[in-house]
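Novice: After the structure tokens below, expect a handful of questions from me.
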Amino acid sequence: HTIFACTSAVISARGSKDGRPLLWKLRDSSSKENAVEYFSKGEGFSFHGLINSRDSLKAQVWMGANEKGFSIMNTHSYNINFGQKTELEIDREGYFMKLALSRCATLPDFEQLLKDSIPNWALSANYGVIDAEGGAAYYECSFSDFVKYDVNDPAVAPDGYLIRTNYSHSRDLDEGYGY
């Protein structure tokens with residue numbers, strides 16, 4: 001029996017040995033061939049990102065880090081939009097992460113990007129994000145909103161880290177799947 005479940009962790013500075021936040025991800029994907037690409041400064045920041053090797057246009061990035069120290073990854077969430085319909089194209093997380101890497105330097109920049117654009121993306125993901133200022137958070141993003149989990153907050157992450165797989169904690173844990 002094959003099981004697919006992306007698993008990721010956001011670790012705050014207080015939870016890491018060297019005092020810097022970090023991201024960790026096990027990427028379970030049907031795309032087995034991947035490559036790390038460099039995207040030079042165009043409309044925004046330069047960055048390195050993981051792409052599917054068959055994506056000849058390099059249109060989607062599945063995790064990466066930019067020149068300002070902003071880094072992002074995701075796990076798809078199968079319960080955050082459970083039962084909801086959208087007219088928009090879904091599964092656009094790779095396009096959105098590419099946009100975020102080119103535009104965001106900090107967690108507040110990412111939050112503003114979410115506020116400005118979330119209704120236009122049909123997102124269904126948990127984004128792990130860190131920045132050079134020590135920010136470390138998960139953002140559980142749905143078609144219409146997002147919930148932030150600040151990994152630097154001891155009330156949210158007592159041990160200095162959070163782990164996510166393919167479901168969101170901000171939604172009903174009895175609906176959907178990915179648990």
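Each chain in the structure tokens gets a letter, A, B, ..., in the order shown, and its residues are numbered from 1; ligands are numbered from 1 in order too.
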Can you list, as a ChimeraX atom specification, all residues belonging to chain A that DSSP tags as strand (DSSP E or B)?
Specialist: /A:7-11,22-26,34-39,47-52,63-66,71-76,125-130,136-141,146-150,161-164
Novice: Please identify which residues in segment 47-155 of chain A DSSP calls alpha helix (DSSP H) from the backbone, and express them as a PyMOL selection string.
Specialist: chain A and resi 93-103+107-117
Novice: Got time to write the residues from that selection, N, CA and C atoms, as a tab-separated table (two decimals), in the first residue's frame?
Specialist:
```
chain	number	residue	atom	x	y	z
A	93	GLU	N	-0.46	26.22	-6.03
A	93	GLU	CA	0.49	26.56	-4.97
A	93	GLU	C	1.90	26.82	-5.51
A	94	GLY	N	2.34	26.07	-6.52
A	94	GLY	CA	3.67	26.26	-7.09
A	94	GLY	C	3.83	27.62	-7.77
A	95	TYR	N	2.79	28.08	-8.44
A	95	TYR	CA	2.81	29.41	-9.05
A	95	TYR	C	2.86	30.49	-7.97
A	96	PHE	N	2.07	30.26	-6.90
A	96	PHE	CA	2.02	31.25	-5.82
A	96	PHE	C	3.34	31.34	-5.08
A	97	MET	N	4.00	30.21	-4.84
A	97	MET	CA	5.29	30.25	-4.15
A	97	MET	C	6.35	30.96	-5.01
A	98	LYS	N	6.30	30.77	-6.31
A	98	LYS	CA	7.23	31.48	-7.20
A	98	LYS	C	7.01	32.98	-7.09
A	99	LEU	N	5.76	33.41	-7.07
A	99	LEU	CA	5.44	34.83	-6.91
A	99	LEU	C	5.94	35.35	-5.57
A	100	ALA	N	5.69	34.60	-4.50
A	100	ALA	CA	6.11	35.02	-3.16
A	100	ALA	C	7.63	35.17	-3.08
A	101	LEU	N	8.36	34.25	-3.66
A	101	LEU	CA	9.83	34.32	-3.63
A	101	LEU	C	10.35	35.55	-4.37
A	102	SER	N	9.66	35.96	-5.40
A	102	SER	CA	10.11	37.13	-6.16
A	102	SER	C	9.72	38.45	-5.49
A	103	ARG	N	8.72	38.42	-4.61
A	103	ARG	CA	8.19	39.68	-4.05
A	103	ARG	C	8.40	39.89	-2.56
A	107	LEU	N	8.10	37.97	6.64
A	107	LEU	CA	6.77	37.41	6.89
A	107	LEU	C	5.67	38.46	6.71
A	108	PRO	N	5.85	39.71	7.20
A	108	PRO	CA	4.81	40.72	6.94
A	108	PRO	C	4.57	40.96	5.43
A	109	ASP	N	5.63	40.90	4.63
A	109	ASP	CA	5.44	41.02	3.17
A	109	ASP	C	4.56	39.88	2.66
A	110	PHE	N	4.81	38.66	3.14
A	110	PHE	CA	4.03	37.50	2.71
A	110	PHE	C	2.58	37.65	3.15
A	111	GLU	N	2.36	38.11	4.37
A	111	GLU	CA	1.00	38.31	4.86
A	111	GLU	C	0.26	39.34	4.00
A	112	GLN	N	0.96	40.40	3.59
A	112	GLN	CA	0.32	41.39	2.73
A	112	GLN	C	0.00	40.80	1.36
A	113	LEU	N	0.91	39.99	0.82
A	113	LEU	CA	0.64	39.31	-0.45
A	113	LEU	C	-0.59	38.42	-0.33
A	114	LEU	N	-0.71	37.69	0.77
A	114	LEU	CA	-1.90	36.86	0.99
A	114	LEU	C	-3.16	37.72	1.05
A	115	LYS	N	-3.12	38.80	1.82
A	115	LYS	CA	-4.30	39.67	1.95
A	115	LYS	C	-4.71	40.26	0.60
A	116	ASP	N	-3.72	40.63	-0.21
A	116	ASP	CA	-4.00	41.26	-1.50
A	116	ASP	C	-4.48	40.29	-2.55
A	117	SER	N	-4.11	39.02	-2.43
A	117	SER	CA	-4.35	38.13	-3.56
A	117	SER	C	-5.05	36.80	-3.26
```
